[in-house]
Structures are given as C-alpha cells and as structure tokens.
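Peer 1: Coordinates in start02.json, JSON, C-alpha atoms (C1' of nucleotides), are listed below.
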```json
[["chain", "number", "residue", "atom", "x", "y", "z"],
["A", 189, "MET", "CA", 35.20, 17.72, -81.51],
["A", 190, "ALA", "CA", 37.65, 19.98, -79.76],
["A", 191, "GLU", "CA", 38.32, 20.21, -76.05],
["A", 192, "LYS", "CA", 35.47, 20.96, -73.70],
["A", 193, "HIS", "CA", 34.68, 24.44, -72.56],
["A", 194, "GLU", "CA", 36.27, 25.32, -69.23],
["A", 195, "LEU", "CA", 32.86, 25.49, -67.62],
["A", 196, "HIS", "CA", 31.99, 22.05, -68.84],
["A", 197, "GLU", "CA", 35.15, 20.72, -67.37],
["A", 198, "LYS", "CA", 33.93, 21.89, -64.01],
["A", 199, "GLY", "CA", 30.65, 20.12, -64.48],
["A", 200, "LEU", "CA", 28.72, 23.30, -65.06],
["A", 201, "ARG", "CA", 26.31, 24.13, -67.78],
["A", 202, "LEU", "CA", 27.31, 26.67, -70.30],
["A", 203, "THR", "CA", 24.89, 29.54, -70.24],
["A", 204, "PRO", "CA", 25.39, 32.99, -71.69],
["A", 205, "GLN", "CA", 24.92, 34.60, -68.29],
["A", 206, "ARG", "CA", 27.48, 32.37, -66.72],
["A", 207, "GLU", "CA", 30.06, 33.09, -69.35],
["A", 208, "LEU", "CA", 29.38, 36.78, -69.11],
["A", 209, "VAL", "CA", 29.80, 36.83, -65.37],
["A", 210, "LEU", "CA", 33.07, 35.01, -65.62],
["A", 211, "SER", "CA", 34.47, 37.21, -68.34],
["A", 212, "ALA", "CA", 33.27, 40.31, -66.51],
["A", 213, "VAL", "CA", 35.24, 39.28, -63.44],
["A", 214, "ARG", "CA", 38.27, 38.67, -65.59],
["A", 215, "ALA", "CA", 37.92, 41.97, -67.36],
["A", 216, "LEU", "CA", 37.41, 43.97, -64.19],
["A", 217, "GLY", "CA", 40.28, 42.56, -62.18],
["A", 218, "HIS", "CA", 38.43, 42.99, -58.95],
["A", 219, "ALA", "CA", 34.86, 44.06, -58.58],
["A", 220, "THR", "CA", 31.85, 43.89, -56.34],
["A", 221, "PRO", "CA", 28.81, 41.85, -57.38],
["A", 222, "GLU", "CA", 27.15, 45.12, -58.24],
["A", 223, "GLU", "CA", 29.95, 46.12, -60.56],
["A", 224, "VAL", "CA", 29.99, 42.73, -62.19],
["A", 225, "ALA", "CA", 26.28, 43.02, -62.83],
["A", 226, "GLU", "CA", 26.72, 46.41, -64.37],
["A", 227, "LYS", "CA", 29.44, 45.17, -66.64],
["A", 228, "VAL", "CA", 27.41, 42.19, -67.72],
["A", 229, "ARG", "CA", 24.44, 44.39, -68.48],
["A", 230, "GLN", "CA", 26.41, 46.16, -71.15],
["A", 231, "THR", "CA", 25.98, 43.14, -73.35],
["A", 232, "HIS", "CA", 23.10, 41.37, -71.69],
["A", 233, "PRO", "CA", 20.84, 44.04, -70.15],
["A", 234, "GLY", "CA", 18.25, 41.66, -68.84],
["A", 235, "ILE", "CA", 20.46, 39.76, -66.46],
["A", 236, "ASN", "CA", 19.20, 39.53, -62.93],
["A", 237, "LEU", "CA", 21.21, 40.47, -59.89],
["A", 238, "SER", "CA", 20.36, 37.19, -58.23],
["A", 239, "THR", "CA", 21.85, 35.39, -61.17],
["A", 240, "VAL", "CA", 25.06, 37.30, -60.80],
["A", 241, "TYR", "CA", 25.25, 36.44, -57.12],
["A", 242, "ARG", "CA", 24.51, 32.82, -57.78],
["A", 243, "ASN", "CA", 27.02, 32.54, -60.55],
["A", 244, "LEU", "CA", 29.73, 34.20, -58.54],
["A", 245, "GLU", "CA", 29.08, 31.69, -55.83],
["A", 246, "THR", "CA", 29.04, 28.80, -58.26],
["A", 247, "LEU", "CA", 32.20, 29.92, -60.00],
["A", 248, "GLU", "CA", 33.86, 30.29, -56.65],
["A", 249, "ASN", "CA", 32.89, 26.74, -55.72],
["A", 250, "VAL", "CA", 34.67, 25.36, -58.73],
["A", 251, "GLY", "CA", 37.64, 27.60, -58.17],
["A", 252, "LEU", "CA", 37.40, 29.91, -61.14],
["A", 253, "VAL", "CA", 36.97, 33.05, -59.08],
["A", 254, "GLN", "CA", 37.63, 34.07, -55.51],
["A", 255, "HIS", "CA", 36.37, 36.74, -53.23],
["A", 256, "THR", "CA", 37.91, 38.89, -50.57],
["A", 257, "HIS", "CA", 36.61, 41.47, -48.20],
["A", 258, "LEU", "CA", 38.32, 44.69, -49.01],
["A", 259, "GLY", "CA", 37.12, 46.93, -46.24],
["A", 260, "HIS", "CA", 33.60, 48.30, -46.16],
["A", 261, "GLY", "CA", 30.94, 45.63, -46.32],
["A", 262, "GLY", "CA", 30.82, 44.24, -49.78],
["A", 263, "ALA", "CA", 32.77, 41.29, -51.08],
["A", 264, "THR", "CA", 35.08, 41.77, -54.02],
["A", 265, "TYR", "CA", 35.58, 39.10, -56.61],
["A", 266, "HIS", "CA", 38.51, 38.42, -58.83],
["A", 267, "ALA", "CA", 39.51, 35.73, -61.27],
["A", 268, "ALA", "CA", 41.49, 32.78, -60.01],
["A", 269, "GLU", "CA", 44.23, 33.28, -62.61],
["A", 270, "GLU", "CA", 45.02, 36.58, -61.07],
["A", 271, "LEU", "CA", 45.91, 35.33, -57.65],
["A", 272, "THR", "CA", 49.51, 36.30, -57.81],
["A", 273, "HIS", "CA", 49.40, 39.48, -55.81],
["A", 274, "LEU", "CA", 48.30, 40.93, -52.53],
["A", 275, "HIS", "CA", 45.78, 43.71, -52.23],
["A", 276, "LEU", "CA", 46.88, 46.87, -50.53],
["A", 277, "VAL", "CA", 43.76, 48.71, -49.54],
["A", 278, "CYS", "CA", 44.16, 52.39, -48.80],
["A", 279, "GLY", "CA", 41.92, 53.45, -45.97],
["A", 280, "THR", "CA", 42.14, 57.06, -47.00],
["A", 281, "CYS", "CA", 41.39, 57.09, -50.70],
["A", 282, "GLY", "CA", 39.94, 53.62, -51.01],
["A", 283, "SER", "CA", 42.23, 52.60, -53.82],
["A", 284, "VAL", "CA", 43.40, 49.03, -54.13],
["A", 285, "GLY", "CA", 47.02, 48.52, -55.02],
["A", 286, "ASP", "CA", 48.86, 45.34, -55.78],
["A", 287, "ALA", "CA", 52.06, 43.82, -54.53],
["A", 288, "PRO", "CA", 53.62, 40.49, -55.41],
["A", 289, "ILE", "CA", 53.14, 37.79, -52.85],
["A", 290, "ASP", "CA", 56.88, 37.55, -52.33],
["A", 291, "VAL", "CA", 56.91, 40.46, -49.92],
["A", 292, "ALA", "CA", 54.80, 38.40, -47.58],
["A", 293, "ALA", "CA", 56.76, 35.19, -47.94],
["A", 294, "ASN", "CA", 58.67, 35.30, -44.70],
["A", 295, "PHE", "CA", 55.72, 36.73, -42.84],
["A", 296, "VAL", "CA", 53.66, 33.75, -43.93],
["A", 297, "GLN", "CA", 56.52, 31.52, -42.95],
["A", 298, "ASN", "CA", 56.64, 33.04, -39.49],
["A", 299, "LEU", "CA", 52.98, 32.42, -38.90],
["A", 300, "SER", "CA", 53.29, 28.89, -40.08],
["A", 301, "ASP", "CA", 56.32, 28.14, -37.96],
["A", 302, "ASP", "CA", 55.22, 29.85, -34.81],
["A", 303, "TYR", "CA", 51.48, 29.32, -34.82],
["A", 304, "GLY", "CA", 50.72, 26.56, -37.28],
["A", 305, "PHE", "CA", 48.53, 29.06, -39.04],
["A", 306, "LYS", "CA", 48.34, 28.52, -42.79],
["A", 307, "THR", "CA", 47.86, 31.92, -44.31],
["A", 308, "ASP", "CA", 45.81, 32.08, -47.45],
["A", 309, "VAL", "CA", 47.84, 34.62, -49.31],
["A", 310, "THR", "CA", 45.35, 34.79, -52.13],
["A", 311, "HIS", "CA", 42.63, 35.83, -49.77],
["A", 312, "PHE", "CA", 44.50, 38.65, -48.30],
["A", 313, "ALA", "CA", 43.59, 42.25, -47.72],
["A", 314, "ILE", "CA", 46.01, 44.65, -46.17],
["A", 315, "TYR", "CA", 44.86, 47.94, -44.75],
["A", 316, "GLY", "CA", 46.92, 51.03, -44.57],
["A", 317, "THR", "CA", 47.69, 54.22, -46.37],
["A", 318, "CYS", "CA", 49.00, 54.28, -49.90],
["A", 319, "ALA", "CA", 52.02, 56.28, -50.93],
["A", 320, "ALA", "CA", 49.88, 58.97, -52.53],
["A", 321, "CYS", "CA", 47.80, 59.54, -49.40],
["A", 322, "VAL", "CA", 50.72, 59.51, -47.02],
["A", 323, "LYS", "CA", 51.77, 62.87, -48.37],
["B", 156, "MET", "CA", 38.35, 67.34, -7.64],
["B", 157, "ALA", "CA", 39.79, 64.15, -9.02],
["B", 158, "GLU", "CA", 40.75, 63.51, -12.60],
["B", 159, "LYS", "CA", 38.06, 63.53, -15.26],
["B", 160, "HIS", "CA", 36.46, 60.39, -16.55],
["B", 161, "GLU", "CA", 38.10, 59.09, -19.69],
["B", 162, "LEU", "CA", 35.00, 59.86, -21.70],
["B", 163, "HIS", "CA", 34.98, 63.42, -20.46],
["B", 164, "GLU", "CA", 38.53, 63.80, -21.52],
["B", 165, "LYS", "CA", 37.49, 63.02, -25.02],
["B", 166, "GLY", "CA", 34.80, 65.62, -24.91],
["B", 167, "LEU", "CA", 31.99, 63.10, -24.65],
["B", 168, "ARG", "CA", 29.13, 62.97, -22.29],
["B", 169, "LEU", "CA", 29.05, 60.25, -19.76],
["B", 170, "THR", "CA", 25.96, 58.17, -20.20],
["B", 171, "PRO", "CA", 25.30, 54.71, -18.84],
["B", 172, "GLN", "CA", 24.81, 53.29, -22.32],
["B", 173, "ARG", "CA", 28.07, 54.74, -23.51],
["B", 174, "GLU", "CA", 30.02, 53.32, -20.64],
["B", 175, "LEU", "CA", 28.38, 49.97, -21.10],
["B", 176, "VAL", "CA", 29.22, 49.82, -24.75],
["B", 177, "LEU", "CA", 32.80, 50.67, -24.04],
["B", 178, "SER", "CA", 33.20, 48.16, -21.28],
["B", 179, "ALA", "CA", 31.43, 45.52, -23.35],
["B", 180, "VAL", "CA", 33.97, 45.98, -26.13],
["B", 181, "ARG", "CA", 36.77, 45.73, -23.62],
["B", 182, "ALA", "CA", 35.30, 42.65, -22.04],
["B", 183, "LEU", "CA", 34.67, 40.88, -25.30],
["B", 184, "GLY", "CA", 38.02, 41.47, -26.92],
["B", 185, "HIS", "CA", 36.54, 41.62, -30.34],
["B", 186, "ALA", "CA", 32.89, 41.55, -31.18],
["B", 187, "THR", "CA", 30.35, 42.55, -33.75],
["B", 188, "PRO", "CA", 27.87, 45.32, -32.98],
["B", 189, "GLU", "CA", 25.30, 42.62, -32.45],
["B", 190, "GLU", "CA", 27.42, 40.87, -29.87],
["B", 191, "VAL", "CA", 28.18, 44.10, -28.11],
["B", 192, "ALA", "CA", 24.48, 44.84, -27.92],
["B", 193, "GLU", "CA", 23.78, 41.44, -26.47],
["B", 194, "LYS", "CA", 26.46, 41.89, -23.84],
["B", 195, "VAL", "CA", 25.19, 45.30, -22.88],
["B", 196, "ARG", "CA", 21.67, 43.99, -22.56],
["B", 197, "GLN", "CA", 22.76, 41.72, -19.77],
["B", 198, "THR", "CA", 22.91, 44.72, -17.51],
["B", 199, "HIS", "CA", 20.83, 47.21, -19.40],
["B", 200, "PRO", "CA", 18.14, 45.30, -21.30],
["B", 201, "GLY", "CA", 16.48, 48.32, -22.81],
["B", 202, "ILE", "CA", 19.39, 49.53, -24.83],
["B", 203, "ASN", "CA", 18.67, 50.07, -28.47],
["B", 204, "LEU", "CA", 20.71, 48.65, -31.30],
["B", 205, "SER", "CA", 20.96, 52.07, -32.91],
["B", 206, "THR", "CA", 22.51, 53.37, -29.76],
["B", 207, "VAL", "CA", 25.13, 50.66, -29.85],
["B", 208, "TYR", "CA", 25.99, 51.49, -33.44],
["B", 209, "ARG", "CA", 26.15, 55.17, -32.72],
["B", 210, "ASN", "CA", 28.31, 54.72, -29.68],
["B", 211, "LEU", "CA", 30.69, 52.40, -31.42],
["B", 212, "GLU", "CA", 31.08, 55.02, -34.08],
["B", 213, "THR", "CA", 31.52, 57.78, -31.57],
["B", 214, "LEU", "CA", 34.03, 55.83, -29.53],
["B", 215, "GLU", "CA", 35.91, 55.05, -32.67],
["B", 216, "ASN", "CA", 36.07, 58.71, -33.57],
["B", 217, "VAL", "CA", 37.80, 59.54, -30.32],
["B", 218, "GLY", "CA", 40.09, 56.58, -30.63],
["B", 219, "LEU", "CA", 38.87, 54.40, -27.78],
["B", 220, "VAL", "CA", 37.85, 51.54, -30.01],
["B", 221, "GLN", "CA", 38.63, 50.40, -33.52],
["B", 222, "HIS", "CA", 36.96, 48.20, -36.04],
["B", 223, "THR", "CA", 38.16, 45.72, -38.59],
["B", 224, "HIS", "CA", 36.48, 43.62, -41.19],
["B", 225, "LEU", "CA", 37.14, 40.06, -40.25],
["B", 226, "GLY", "CA", 35.66, 38.23, -43.17],
["B", 227, "HIS", "CA", 31.94, 37.92, -43.72],
["B", 228, "GLY", "CA", 30.17, 41.24, -43.86],
["B", 229, "GLY", "CA", 30.03, 42.65, -40.40],
["B", 230, "ALA", "CA", 32.55, 44.88, -38.76],
["B", 231, "THR", "CA", 34.25, 43.73, -35.62],
["B", 232, "TYR", "CA", 35.17, 46.12, -32.87],
["B", 233, "HIS", "CA", 37.90, 45.94, -30.31],
["B", 234, "ALA", "CA", 39.28, 48.23, -27.66],
["B", 235, "ALA", "CA", 42.11, 50.52, -28.55],
["B", 236, "GLU", "CA", 44.27, 49.28, -25.66],
["B", 237, "GLU", "CA", 44.27, 45.90, -27.19],
["B", 238, "LEU", "CA", 45.91, 46.86, -30.42],
["B", 239, "THR", "CA", 49.04, 44.95, -29.83],
["B", 240, "HIS", "CA", 48.25, 41.90, -31.85],
["B", 241, "LEU", "CA", 47.18, 40.78, -35.27],
["B", 242, "HIS", "CA", 44.02, 38.86, -35.94],
["B", 243, "LEU", "CA", 44.34, 35.49, -37.54],
["B", 244, "VAL", "CA", 40.98, 34.61, -38.97],
["B", 245, "CYS", "CA", 40.36, 30.99, -39.73],
["B", 246, "GLY", "CA", 38.29, 30.60, -42.85],
["B", 247, "THR", "CA", 37.28, 27.11, -41.87],
["B", 248, "CYS", "CA", 36.09, 27.37, -38.31],
["B", 249, "GLY", "CA", 35.70, 31.11, -38.09],
["B", 250, "SER", "CA", 37.80, 31.45, -34.99],
["B", 251, "VAL", "CA", 39.94, 34.50, -34.47],
["B", 252, "GLY", "CA", 43.41, 33.96, -33.11],
["B", 253, "ASP", "CA", 45.99, 36.47, -32.06],
["B", 254, "ALA", "CA", 49.63, 36.95, -32.85],
["B", 255, "PRO", "CA", 51.97, 39.69, -31.70],
["B", 256, "ILE", "CA", 52.65, 42.36, -34.27],
["B", 257, "ASP", "CA", 56.32, 41.46, -34.28],
["B", 258, "VAL", "CA", 55.78, 38.64, -36.72],
["B", 259, "ALA", "CA", 54.69, 41.18, -39.26],
["B", 260, "ALA", "CA", 57.43, 43.68, -38.61],
["B", 261, "ASN", "CA", 59.61, 42.94, -41.57],
["B", 262, "PHE", "CA", 56.63, 42.45, -43.81],
["B", 263, "VAL", "CA", 55.43, 45.91, -42.94],
["B", 264, "GLN", "CA", 58.93, 47.17, -43.50],
["B", 265, "ASN", "CA", 59.02, 45.61, -46.95],
["B", 266, "LEU", "CA", 55.81, 47.28, -48.00],
["B", 267, "SER", "CA", 57.00, 50.58, -46.71],
["B", 268, "ASP", "CA", 60.37, 50.37, -48.41],
["B", 269, "ASP", "CA", 59.21, 48.99, -51.71],
["B", 270, "TYR", "CA", 55.83, 50.62, -52.18],
["B", 271, "GLY", "CA", 55.63, 53.52, -49.79],
["B", 272, "PHE", "CA", 52.58, 51.81, -48.38],
["B", 273, "LYS", "CA", 52.08, 52.45, -44.68],
["B", 274, "THR", "CA", 50.43, 49.37, -43.30],
["B", 275, "ASP", "CA", 48.01, 49.90, -40.48],
["B", 276, "VAL", "CA", 48.97, 46.94, -38.39],
["B", 277, "THR", "CA", 46.20, 47.55, -35.92],
["B", 278, "HIS", "CA", 43.60, 47.28, -38.63],
["B", 279, "PHE", "CA", 44.77, 44.01, -39.88],
["B", 280, "ALA", "CA", 42.94, 40.82, -40.69],
["B", 281, "ILE", "CA", 44.72, 37.79, -41.95],
["B", 282, "TYR", "CA", 42.85, 34.96, -43.57],
["B", 283, "GLY", "CA", 43.92, 31.40, -43.54],
["B", 284, "THR", "CA", 43.46, 28.16, -41.72],
["B", 285, "CYS", "CA", 44.21, 27.80, -38.05],
["B", 286, "ALA", "CA", 46.35, 25.03, -36.66],
["B", 287, "ALA", "CA", 43.34, 23.11, -35.42],
["B", 288, "CYS", "CA", 41.61, 23.11, -38.78],
["B", 289, "VAL", "CA", 44.70, 22.24, -40.77],
["B", 290, "LYS", "CA", 44.52, 18.78, -39.37],
["C", 55, "DA", "C1'", 19.30, 74.52, -6.41],
["C", 56, "DA", "C1'", 17.04, 75.40, -10.74],
["C", 57, "DG", "C1'", 17.26, 76.02, -15.65],
["C", 58, "DC", "C1'", 18.99, 75.76, -20.27],
["C", 59, "DG", "C1'", 20.98, 73.97, -24.46],
["C", 60, "DA", "C1'", 23.21, 70.52, -26.79],
["C", 61, "DG", "C1'", 24.45, 65.94, -27.06],
["C", 62, "DT", "C1'", 21.98, 61.36, -26.57],
["C", 63, "DT", "C1'", 18.61, 57.79, -26.57],
["C", 64, "DG", "C1'", 14.61, 55.06, -28.28],
["C", 65, "DC", "C1'", 11.82, 53.79, -31.73],
["C", 66, "DG", "C1'", 10.23, 52.92, -36.07],
["C", 67, "DA", "C1'", 10.87, 53.63, -40.79],
["C", 68, "DA", "C1'", 14.06, 53.66, -44.59],
["C", 69, "DC", "C1'", 17.86, 51.51, -46.94],
["C", 70, "DA", "C1'", 21.20, 48.56, -49.01],
["C", 71, "DA", "C1'", 23.02, 44.15, -49.78],
["C", 72, "DT", "C1'", 22.15, 39.37, -50.19],
["C", 73, "DT", "C1'", 19.41, 35.23, -50.15],
["C", 74, "DC", "C1'", 15.34, 32.30, -51.12],
["C", 75, "DG", "C1'", 11.29, 30.03, -53.21],
["C", 76, "DC", "C1'", 8.96, 29.10, -57.26],
["C", 77, "DA", "C1'", 7.60, 28.54, -61.81],
["C", 78, "DG", "C1'", 9.17, 28.79, -66.44],
["C", 79, "DT", "C1'", 13.20, 28.15, -69.63],
["C", 80, "DA", "C1'", 16.87, 26.10, -71.83],
["C", 81, "DG", "C1'", 21.38, 23.31, -71.81],
["C", 82, "DT", "C1'", 22.68, 18.27, -72.13],
["C", 83, "DT", "C1'", 22.49, 13.61, -72.70],
["C", 84, "DA", "C1'", 20.63, 9.56, -74.62],
["D", 198, "DT", "C1'", 13.69, 14.43, -80.56],
["D", 199, "DA", "C1'", 12.37, 13.70, -75.84],
["D", 200, "DA", "C1'", 13.20, 14.05, -71.19],
["D", 201, "DC", "C1'", 15.72, 15.44, -67.18],
["D", 202, "DT", "C1'", 17.38, 18.91, -64.41],
["D", 203, "DA", "C1'", 20.30, 22.84, -63.87],
["D", 204, "DC", "C1'", 19.71, 27.66, -64.42],
["D", 205, "DT", "C1'", 17.32, 32.09, -64.86],
["D", 206, "DG", "C1'", 14.09, 35.74, -63.65],
["D", 207, "DC", "C1'", 11.32, 37.80, -60.43],
["D", 208, "DG", "C1'", 9.54, 39.18, -56.30],
["D", 209, "DA", "C1'", 9.44, 38.52, -51.50],
["D", 210, "DA", "C1'", 11.97, 37.76, -47.30],
["D", 211, "DT", "C1'", 16.19, 38.52, -44.53],
["D", 212, "DT", "C1'", 19.88, 40.69, -42.38],
["D", 213, "DG", "C1'", 22.71, 44.45, -41.16],
["D", 214, "DT", "C1'", 23.04, 49.45, -40.72],
["D", 215, "DT", "C1'", 21.53, 54.16, -40.99],
["D", 216, "DC", "C1'", 18.20, 58.06, -40.37],
["D", 217, "DG", "C1'", 14.63, 61.34, -38.68],
["D", 218, "DC", "C1'", 12.34, 62.90, -34.92],
["D", 219, "DA", "C1'", 10.55, 63.68, -30.40],
["D", 220, "DA", "C1'", 11.60, 62.94, -25.57],
["D", 221, "DC", "C1'", 15.24, 62.94, -22.23],
["D", 222, "DT", "C1'", 19.25, 63.98, -19.51],
["D", 223, "DC", "C1'", 24.09, 65.34, -18.82],
["D", 224, "DG", "C1'", 26.97, 69.13, -17.55],
["D", 225, "DC", "C1'", 27.35, 73.98, -17.43],
["D", 226, "DT", "C1'", 25.70, 78.45, -15.88],
["D", 227, "DT", "C1'", 23.20, 81.35, -12.93]]
```
For the structure just supplied, provide its representation as structure tokens.

Peer 2:
Amino acid sequence: MAEKHELHEKGLRLTPQRELVLSAVRALGHATPEEVAEKVRQTHPGINLSTVYRNLETLENVGLVQHTHLGHGGATYHAAEELTHLHLVCGTCGSVGDAPIDVAANFVQNLSDDYGFKTDVTHFAIYGTCAACVK
Amino acid sequence: MAEKHELHEKGLRLTPQRELVLSAVRALGHATPEEVAEKVRQTHPGINLSTVYRNLETLENVGLVQHTHLGHGGATYHAAEELTHLHLVCGTCGSVGDAPIDVAANFVQNLSDDYGFKTDVTHFAIYGTCAACVK
DNA sequence: AAGCGAGTTGCGAACAATTCGCAGTAGTTA
DNA sequence: TAACTACTGCGAATTGTTCGCAACTCGCTT
C-alpha cells in the first residue's frame, strides 16, 4: 500500500477527531482551542472540548502544531508548517499581523552572542501597536 | 506642607494595602498576582486576593506598574521604573532573564520602518532557551 | 474636631479556561 | 477475527480572575 498517513508516522492513531483538529488548525492559521473546537464542530458536531485540548497537546508533542501566548490568557495554536513568520500583536485592536523572521535575525544573533540565549523565533509574540492603530 | 505621596499625585487614595501591593511589585521585580499577594501577606496577612488584583489593575491604569504575559497563562507584573530591560523567558526552566533594550533597538527599527508597527519594548516577552539550559 | 461621600476592602459567589478520572468505544496489529 | 490499548465523551474538579454587595475608611469640607 501507499505511504503511511502523517499521523501514523508519528506513532499516533488515526481518528476522525484527530484529523479534524489538525486540519482545523491548518485552516485557521492561528486559533485558540475554543476556535478550533468551533471549527471542528462544523463537520463533527459531537466533538468534546476535552478532546480538542488533548489532541492539540498530542499534536504539539509530535511537532505538528505549536502554541504561543498572544496576549490575554489563552494559548493560540498554529500549524508547524507555518512557522516562518513572527506574530505582531496589536495591543490596541487585538489584531495579529505577520512579519518574516528575517527582521529578527540580527536581534536573535545579538541575544545569542551576548547572553547565550537561544531565542525560539517560532514561539514569538511581539506586542505593540499596528500601523492602523498608530493613526 | 511637603510634596504629595506618589499615589496622591495619581489621584488615588493612600491605603495600606495599596502601598503594600506597589512595594511588593517593586521588591519582587516581576511577579504574578499570586506571588504579589503572598509577599504582601508577610506584613499584612489579611489582605484579600481580590484586592491585590484590583490594585494591580488600578496601579497599571495610572502607569505605576505594567504587566506582561510571560508564557503560561498568568500575567506578570513589574514596576514601571524597571522598564529598561527585556524579559528573556526560558521555556525549559521557566526562569526569566533580563537584557537591556538596546539589543532590540534595530529590530524595533526594522519593524517600524518596514511595517509601521510600533513595538512596545516594555511589554515584551521573548521565548527561548537560556544559556544554562542550552547545555 | 466631626461629618460626609466616594473610593476601597473583604468575602463569597460567579465565571471562564483547562485538566482529570473513568468507563465505553474503536483503531491496529497479529 | 480477537485482543490490546489508545482515544473519546462526559462530568467533576481545579485554577485563575472577576463581580456584587455591605462595611469601612481616606481625604475633604465645615
């Protein structure tokens, strides 16, 4: 038969809920557990919130998704593929903008050189005010 | 008479709890509401958690303290005076290190130039791995 | 010095977000 | 197909934070 499903390759069982959670994260870009659950319910209404939480955690363990804390209290998840940009969180309007990681390159370098601190650029939330709100 | 108390200058009443919360934040550097409460209880055991939360909020409104989200869920507060450094949060050991804002200067400049995004350097949490945990 | 009114405090309940324990269900492997 | 065990659903338990309300007290005014 063909190649294994990506979840199988990670040693996980392939359940409809699990697939749905993963594809929801991918479709949403970044979303809170609550939002993921809502998305999943569009096609699988019965899914339980606990299941969403557990699957997000599981998927994070195998590296398919990641989470960040974008301000308030809740964690925000996004797919691992999409880890090529920083998150610019606007404290005024709450929007989340993106910027390529390049802009942080020498900043990261500084921290590494001067402090031995290895910045996890993928797990990065930057607070400030977006261009729209500055006006 | 002499100059007004700093809290009076902000239009706030001077209560023992309020002063204690403020000095606890100053003494602790950065701390969660829970930690602040614990600190305050050392000298004023009866203080209520709600009061700590309310005072932190009030003090933040007048600019004497600030909060950041340093990872997990809880907010972390620190005194406004102390806003001269970045927080380097180690995802492995949970420690919070400091670095002068200078290291971020050109990074901030980049974001401003390229995206019109005004980074709030004082409200800044950087995730990564500290020198000690890298080893 | 005494009194008043508004800002504050304590306390307990209300909430929201997240985690846990358990029993039943359903992928997987042999 | 049978059996093993991960996974799901559900409800209860936790944790962190906010709210409503009555009592209190800070700071101003007489």

Peer 1: What residues in chain D have any atom no more than 9 Å from chain B when counting all atoms listed in the file, and can you write them as JSON, numbers by chain?

Peer 2: {"D": [213, 214, 215, 222, 223, 224]}

Peer 1: Would you write out, as a Markdown table, a table of all residues in chain C that have an atom no more than 12 Å from an atom of chain A, listing for each the closest atom pair and the distance in Å to one decimal, considering only C-alpha atoms (C1' of nucleotides) and ordering rows by chain and rising residue number?

Peer 2:
```
| residue | atom | partner | partner_atom | distance |
| --- | --- | --- | --- | --- |
| C:DA70 | C1' | A:Gly261 | CA | 10.5 |
| C:DA71 | C1' | A:Gly262 | CA | 7.8 |
| C:DT72 | C1' | A:Tyr241 | CA | 8.1 |
| C:DT73 | C1' | A:Ser238 | CA | 8.4 |
| C:DC74 | C1' | A:Ser238 | CA | 10.0 |
| C:DT79 | C1' | A:Thr203 | CA | 11.8 |
| C:DA80 | C1' | A:Thr203 | CA | 8.9 |
| C:DG81 | C1' | A:Arg201 | CA | 6.4 |
| C:DT82 | C1' | A:Arg201 | CA | 8.2 |
```

Peer 1: Check every residue of chain A for an atom within 12 Å of chain B, counting all atoms listed in the file, and provide those that qualify as a VMD selection string.

Peer 2: chain A and resid 255 to 264 274 to 280 283 to 323

Peer 1: For a cut-off of 6 Å around (20.8, 57.7, -29.3), file coordinates, pick out all residues using all atoms listed in the file and list them as an MDAnalysis selection string.

Peer 2: (chainID B and resid 206) or (chainID C and resid 62:63)

Peer 1: Within 12 Å of Pro200 of chain B, counting only C-alpha atoms (C1' of nucleotides), which residues show up once you throw out same-chain ones fewer than 5 positions away? Write them as number ranges by chain, please.

Peer 2: B: 172, 175, 192-195
